[in-house]
file target.txt (compact mmCIF, C-alpha atoms)
# COMPACT_ATOMS: atom_id res chain seq x y z
CA MET A 1203 -29.01 105.02 -122.95
CA VAL A 1204 -32.41 103.38 -123.25
CA SER A 1205 -35.17 105.98 -123.20
CA LEU A 1206 -38.24 105.26 -121.10
CA ILE A 1207 -41.12 106.89 -122.93
CA ARG A 1208 -44.64 106.72 -121.59
CA PRO A 1209 -48.02 108.38 -122.18
CA VAL A 1210 -48.47 111.73 -120.44
CA SER A 1211 -50.44 110.20 -117.57
CA PHE A 1212 -47.34 108.25 -116.55
CA LEU A 1213 -44.80 111.06 -116.73
CA LEU A 1214 -45.22 112.00 -113.08
CA PRO A 1215 -42.34 110.78 -110.87
CA LEU A 1216 -43.11 107.77 -108.73
CA SER A 1217 -43.76 108.52 -105.07
CA LYS A 1218 -45.53 106.85 -102.17
CA HIS A 1219 -48.76 108.25 -103.65
CA THR A 1220 -48.04 107.11 -107.22
CA ARG A 1221 -48.64 103.51 -108.26
CA ARG A 1222 -46.40 101.86 -110.80
CA PRO A 1223 -48.29 101.63 -114.11
CA CYS A 1224 -49.68 98.52 -115.71
CA VAL A 1225 -48.22 95.83 -113.47
CA ALA A 1226 -51.14 93.60 -112.50
CA MET A 1227 -52.69 90.19 -112.76
CA ALA A 1228 -55.81 89.56 -114.81
CA THR A 1229 -57.62 86.80 -116.63
CA SER A 1230 -58.41 86.90 -120.34
CA SER A 1231 -59.99 84.49 -122.79
CA SER A 1232 -57.94 86.06 -125.62
CA ASP A 1233 -54.62 85.05 -124.10
CA SER A 1234 -52.97 82.60 -126.50
CA HIS A 1235 -49.60 82.64 -124.71
CA LEU A 1236 -50.77 81.27 -121.34
CA SER A 1237 -53.23 78.48 -120.67
CA GLN A 1238 -56.76 79.42 -119.71
CA SER A 1239 -56.23 78.03 -116.24
CA GLN A 1240 -53.45 80.51 -115.56
CA GLN A 1241 -53.75 84.16 -114.69
CA ARG A 1242 -52.53 86.66 -117.23
CA ARG A 1243 -49.69 88.80 -115.96
CA LEU A 1244 -49.75 92.39 -117.11
CA PRO A 1245 -48.29 94.32 -118.78
CA VAL A 1246 -48.03 92.43 -122.04
CA LEU A 1247 -44.56 92.88 -123.53
CA LEU A 1248 -44.22 93.60 -127.26
CA PHE A 1249 -40.76 93.32 -128.78
CA ASP A 1250 -39.53 94.52 -132.11
CA VAL A 1251 -37.13 91.90 -133.47
CA MET A 1252 -34.53 93.35 -135.84
CA ASP A 1253 -31.77 95.22 -133.99
CA THR A 1254 -33.73 94.80 -130.75
CA ILE A 1255 -33.50 91.03 -130.34
CA VAL A 1256 -31.68 89.93 -133.51
CA ARG A 1257 -28.93 91.71 -135.40
CA ASP A 1258 -30.20 92.99 -138.75
CA PRO A 1259 -28.02 91.83 -141.68
CA PHE A 1260 -29.26 94.59 -143.98
CA TYR A 1261 -26.74 97.29 -143.20
CA HIS A 1262 -23.50 95.32 -143.54
CA HIS A 1263 -23.96 91.77 -144.80
CA ILE A 1264 -26.44 92.44 -147.60
CA PRO A 1265 -24.40 95.16 -149.34
CA ALA A 1266 -21.35 92.88 -149.06
CA PHE A 1267 -23.31 90.01 -150.61
CA PHE A 1268 -24.12 92.17 -153.64
CA GLN A 1269 -20.57 93.59 -153.63
CA MET A 1270 -21.98 97.09 -153.28
CA SER A 1271 -21.74 99.95 -150.87
CA MET A 1272 -24.88 100.76 -148.90
CA LYS A 1273 -25.28 103.88 -151.03
CA GLU A 1274 -25.15 101.82 -154.23
CA LEU A 1275 -27.64 99.29 -152.88
CA LEU A 1276 -30.12 101.97 -151.88
CA GLU A 1277 -29.82 103.60 -155.29
CA THR A 1278 -30.38 100.39 -157.28
CA LYS A 1279 -32.94 98.43 -155.28
CA HIS A 1280 -36.65 98.83 -155.96
CA PRO A 1281 -38.10 101.36 -153.51
CA ASN A 1282 -41.19 99.30 -152.61
CA ALA A 1283 -40.31 95.64 -153.18
CA TRP A 1284 -39.07 94.86 -149.67
CA VAL A 1285 -41.99 96.69 -148.06
CA GLU A 1286 -44.40 94.65 -150.18
CA PHE A 1287 -42.57 91.49 -149.11
CA GLU A 1288 -42.77 92.50 -145.46
CA GLU A 1289 -46.50 93.09 -145.78
CA GLY A 1290 -47.02 89.67 -147.38
CA ARG A 1291 -48.25 91.19 -150.66
CA ILE A 1292 -45.57 89.41 -152.72
CA ASP A 1293 -43.71 86.14 -152.18
CA GLU A 1294 -39.96 85.59 -152.34
CA ASN A 1295 -40.01 84.69 -156.04
CA GLU A 1296 -41.77 87.95 -156.86
CA LEU A 1297 -39.27 89.74 -154.62
CA ALA A 1298 -36.41 88.27 -156.63
CA LYS A 1299 -37.94 89.56 -159.88
CA LYS A 1300 -38.31 93.14 -158.68
CA PHE A 1301 -35.68 93.55 -155.95
CA PHE A 1302 -33.59 95.72 -158.28
CA LYS A 1303 -35.14 98.54 -160.24
CA ASP A 1304 -33.56 97.30 -163.47
CA GLY A 1305 -34.88 93.77 -162.96
CA ARG A 1306 -31.45 92.13 -162.83
CA SER A 1307 -31.35 88.58 -161.48
CA PHE A 1308 -29.42 87.41 -158.41
CA ASP A 1309 -28.88 84.32 -156.29
CA LEU A 1310 -31.95 84.34 -154.04
CA GLU A 1311 -30.93 81.22 -152.10
CA GLY A 1312 -27.46 82.67 -151.65
CA LEU A 1313 -28.99 85.85 -150.20
CA LYS A 1314 -31.07 83.84 -147.74
CA GLU A 1315 -28.01 81.83 -146.69
CA CYS A 1316 -26.09 85.07 -146.17
CA MET A 1317 -28.83 86.40 -143.93
CA VAL A 1318 -29.08 83.21 -141.90
CA ARG A 1319 -25.33 83.28 -141.26
CA ALA A 1320 -25.66 86.85 -140.01
CA TYR A 1321 -28.62 86.32 -137.68
CA SER A 1322 -27.50 86.42 -134.05
CA TYR A 1323 -28.85 87.63 -130.75
CA VAL A 1324 -28.15 91.23 -129.79
CA GLU A 1325 -25.68 91.10 -126.91
CA GLY A 1326 -27.36 90.44 -123.56
CA ILE A 1327 -30.93 90.28 -124.86
CA GLU A 1328 -31.28 86.50 -124.56
CA GLU A 1329 -30.73 86.78 -120.81
CA VAL A 1330 -33.38 89.50 -120.57
CA LEU A 1331 -35.92 87.40 -122.48
CA HIS A 1332 -35.12 84.36 -120.34
CA GLY A 1333 -35.69 86.34 -117.16
CA LEU A 1334 -39.00 87.74 -118.39
CA LYS A 1335 -40.15 84.31 -119.51
CA GLN A 1336 -39.26 82.76 -116.15
CA ASN A 1337 -41.26 85.50 -114.43
CA ASN A 1338 -44.33 84.50 -116.48
CA TYR A 1339 -44.71 87.60 -118.62
CA GLU A 1340 -46.60 87.32 -121.87
CA ILE A 1341 -44.19 88.25 -124.68
CA HIS A 1342 -44.98 88.78 -128.35
CA ALA A 1343 -42.96 89.75 -131.39
CA PHE A 1344 -44.33 92.91 -133.01
CA THR A 1345 -42.06 93.37 -135.99
CA ASN A 1346 -41.80 94.43 -139.61
CA TYR A 1347 -40.46 91.35 -141.36
CA PRO A 1348 -41.34 89.00 -144.21
CA VAL A 1349 -41.96 85.26 -144.06
CA TRP A 1350 -38.20 84.87 -143.62
CA TYR A 1351 -38.83 85.33 -139.90
CA LYS A 1352 -39.06 81.53 -140.05
CA LEU A 1353 -35.35 81.46 -140.91
CA ILE A 1354 -34.65 83.42 -137.74
CA GLU A 1355 -36.77 81.01 -135.75
CA GLU A 1356 -35.01 77.97 -137.21
CA LYS A 1357 -31.62 79.34 -136.20
CA LEU A 1358 -32.27 81.15 -132.89
CA ASN A 1359 -35.48 79.57 -131.52
CA LEU A 1360 -37.05 82.83 -130.39
CA SER A 1361 -40.24 80.89 -129.67
CA ASN A 1362 -38.53 79.67 -126.50
CA PHE A 1363 -39.26 83.16 -125.18
CA LEU A 1364 -42.07 84.72 -127.23
CA SER A 1365 -44.85 84.19 -129.72
CA TRP A 1366 -44.42 85.36 -133.31
CA SER A 1367 -47.87 86.93 -133.05
CA PHE A 1368 -47.59 90.22 -134.89
CA CYS A 1369 -45.27 89.87 -137.85
CA SER A 1370 -46.10 92.33 -140.64
CA CYS A 1371 -46.21 89.57 -143.25
CA ALA A 1372 -49.02 87.90 -141.29
CA ILE A 1373 -51.10 90.92 -140.25
CA GLY A 1374 -50.52 92.84 -143.52
CA LYS A 1375 -49.59 96.05 -141.71
CA ARG A 1376 -46.26 97.65 -140.83
CA LYS A 1377 -45.15 99.90 -138.02
CA PRO A 1378 -45.53 102.82 -137.60
CA SER A 1379 -48.99 102.63 -139.19
CA PRO A 1380 -51.54 103.27 -136.40
CA ASP A 1381 -53.60 100.37 -137.78
CA SER A 1382 -50.81 97.92 -136.92
CA TYR A 1383 -50.90 98.95 -133.25
CA LYS A 1384 -54.70 98.81 -133.17
CA GLU A 1385 -54.52 95.30 -134.63
CA VAL A 1386 -52.25 94.25 -131.75
CA VAL A 1387 -54.44 95.75 -129.04
CA ASN A 1388 -57.63 94.31 -130.51
CA HIS A 1389 -56.10 90.85 -130.80
CA LEU A 1390 -54.72 90.88 -127.26
CA GLY A 1391 -57.94 92.20 -125.73
CA VAL A 1392 -56.16 94.58 -123.37
CA GLU A 1393 -56.01 98.34 -122.94
CA PRO A 1394 -53.07 100.00 -124.73
CA SER A 1395 -51.78 101.15 -121.33
CA ASN A 1396 -51.32 97.49 -120.42
CA CYS A 1397 -48.77 97.06 -123.22
CA VAL A 1398 -45.06 97.84 -123.04
CA PHE A 1399 -43.52 98.16 -126.49
CA ILE A 1400 -39.75 97.88 -127.02
CA ASP A 1401 -38.18 99.01 -130.32
CA ASP A 1402 -34.89 100.48 -131.52
CA ARG A 1403 -36.63 103.01 -133.80
CA MET A 1404 -38.03 106.15 -132.22
CA VAL A 1405 -40.67 106.62 -134.93
CA ASN A 1406 -42.20 103.29 -133.94
CA ILE A 1407 -42.07 104.19 -130.25
CA GLU A 1408 -43.83 107.49 -130.89
CA ALA A 1409 -46.61 105.72 -132.80
CA ALA A 1410 -47.10 103.33 -129.87
CA ILE A 1411 -47.32 106.21 -127.42
CA ASN A 1412 -49.90 107.93 -129.59
CA ILE A 1413 -52.35 105.07 -129.02
CA GLY A 1414 -51.57 104.89 -125.29
CA MET A 1415 -48.88 102.20 -124.99
CA ILE A 1416 -45.77 102.56 -122.85
CA GLY A 1417 -42.67 102.83 -125.04
CA LEU A 1418 -39.09 101.82 -124.36
CA HIS A 1419 -36.47 102.96 -126.85
CA PHE A 1420 -33.96 100.12 -127.04
CA GLN A 1421 -30.24 100.72 -127.26
CA ASN A 1422 -28.71 97.92 -125.20
CA ALA A 1423 -29.80 95.09 -122.96
CA GLU A 1424 -28.41 96.41 -119.67
CA LEU A 1425 -30.25 99.70 -119.94
CA LEU A 1426 -33.40 97.91 -121.04
CA LYS A 1427 -33.28 95.83 -117.84
CA LYS A 1428 -33.08 99.02 -115.79
CA ASP A 1429 -36.03 100.59 -117.57
CA LEU A 1430 -38.14 97.46 -117.26
CA SER A 1431 -37.30 97.33 -113.56
CA SER A 1432 -38.32 100.99 -113.17
CA LEU A 1433 -41.79 99.93 -114.34
CA GLY A 1434 -41.90 97.20 -111.72
CA ILE A 1435 -41.34 94.48 -114.33
CA GLU A 1436 -39.31 91.60 -112.93
CA VAL A 1437 -36.36 90.78 -115.16
CA SER A 1438 -34.09 88.77 -112.87
CA LEU A 1439 -34.43 85.01 -112.73
CA PRO A 1440 -36.59 83.93 -109.76
CA LEU A 1441 -34.70 82.36 -106.88
CA ASP A 1442 -34.83 78.57 -106.59
CA VAL A 1443 -36.27 77.98 -103.13
CA SER A 1444 -36.54 74.20 -103.44

call {"tool": "encode", "arguments": {"input": "target.txt", "output": "structure tokens"}}
result
Amino acid sequence: MVSLIRPVSFLLPLSKHTRRPCVAMATSSSDSHLSQSQQRRLPVLLFDVMDTIVRDPFYHHIPAFFQMSMKELLETKHPNAWVEFEEGRIDENELAKKFFKDGRSFDLEGLKECMVRAYSYVEGIEEVLHGLKQNNYEIHAFTNYPVWYKLIEEKLNLSNFLSWSFCSCAIGKRKPSPDSYKEVVNHLGVEPSNCVFIDDRMVNIEAAINIGMIGLHFQNAELLKKDLSSLGIEVSLPLDVS
């Protein structure tokens, strides 16, 4: 199931004397997702992308592209090249030169086409994002990914629901580095407790909790909806009263 993980101050069970955390309305000049004339609805929602919103091709499609097992791929690929690409320290041409430890060449455009074919929404998550968007929540991507996030955008149009605000290739930092979370909080201009972070990797959730964010460990969309609702976050589409 989805694990609802929060800072210690929010571990007490809700009662008539306990307010739901972080659900509020506020104004902020740093809000790039809503116009200045609108009120900012808190909490701010931060979504990992790969295997939280979009299926990650790495584990099945990429080994198949190279006609390798996952074990073979892990043994032959350069240990740092992808990380450097995700942090924006090398471009795709440099990635191609050092992707494999032995420097062998491969079809870079073919790899990108393979990944694009594999990109798809995780089951049920598009509905969740649509509901959150319709309820006027501020939603940002907070993800470790290279400039190829633009390929995801071209295919799936995630910007219909969120802003690609905190991609590692743009901010130069990767989760679970504490600096990446501090970068997010500083940019948003909110307290960490006013951020709900959703990720499929527990190590990233734990890092978020350590700076005071609320963490939701993603496993599927239905359980995510329940956990968001338990925080008082409206996921269902608003009723049309016209």

call {"tool": "closest_residue", "arguments": {"input": "target.txt", "among": "A:Thr1278, A:Ser1395, A:Asn1406, A:Gln1336", "to": "Leu1364 (chain A)", "atoms": "all atoms listed in the file"}}
result
A:Gln1336

call {"tool": "residues_around", "arguments": {"input": "target.txt", "residues": "Arg1319 (chain A)", "least_positions_apart": "4", "cutoff": "12 Å", "atoms": "all atoms listed in the file", "output": "number ranges by chain"}}
result
A: 1257-1259, 1263-1264, 1267, 1312-1315, 1323, 1353-1354, 1356-1358

call {"tool": "write_last_selection", "arguments": {"input": "target.txt", "atoms": "C-alpha atoms", "output": "mmCIF file, in the frame of the given file"}}
result
data_model
loop_
_atom_site.group_PDB
_atom_site.id
_atom_site.type_symbol
_atom_site.label_atom_id
_atom_site.label_comp_id
_atom_site.auth_asym_id
_atom_site.auth_seq_id
_atom_site.Cartn_x
_atom_site.Cartn_y
_atom_site.Cartn_z
ATOM 1 C CA ARG A 1257 -28.930 91.710 -135.400
ATOM 2 C CA ASP A 1258 -30.200 92.990 -138.750
ATOM 3 C CA PRO A 1259 -28.020 91.830 -141.680
ATOM 4 C CA HIS A 1263 -23.960 91.770 -144.800
ATOM 5 C CA ILE A 1264 -26.440 92.440 -147.600
ATOM 6 C CA PHE A 1267 -23.310 90.010 -150.610
ATOM 7 C CA GLY A 1312 -27.460 82.670 -151.650
ATOM 8 C CA LEU A 1313 -28.990 85.850 -150.200
ATOM 9 C CA LYS A 1314 -31.070 83.840 -147.740
ATOM 10 C CA GLU A 1315 -28.010 81.830 -146.690
ATOM 11 C CA TYR A 1323 -28.850 87.630 -130.750
ATOM 12 C CA LEU A 1353 -35.350 81.460 -140.910
ATOM 13 C CA ILE A 1354 -34.650 83.420 -137.740
ATOM 14 C CA GLU A 1356 -35.010 77.970 -137.210
ATOM 15 C CA LYS A 1357 -31.620 79.340 -136.200
ATOM 16 C CA LEU A 1358 -32.270 81.150 -132.890
#

call {"tool": "atom_distance", "arguments": {"input": "target.txt", "atom1": "CA of Asp1401 (chain A)", "atom2": "CA of His1332 (chain A)"}}
result
18.0 Å

call {"tool": "closest_residue", "arguments": {"input": "target.txt", "among": "A:Pro1348, A:Phe1308, A:Met1270, A:Ser1379", "to": "Ile1292 (chain A)", "atoms": "all atoms listed in the file"}}
result
A:Pro1348

call {"tool": "atom_distance", "arguments": {"input": "target.txt", "atom1": "CA of Pro1394 (chain A)", "atom2": "CA of Ile1407 (chain A)"}}
result
13.0 Å
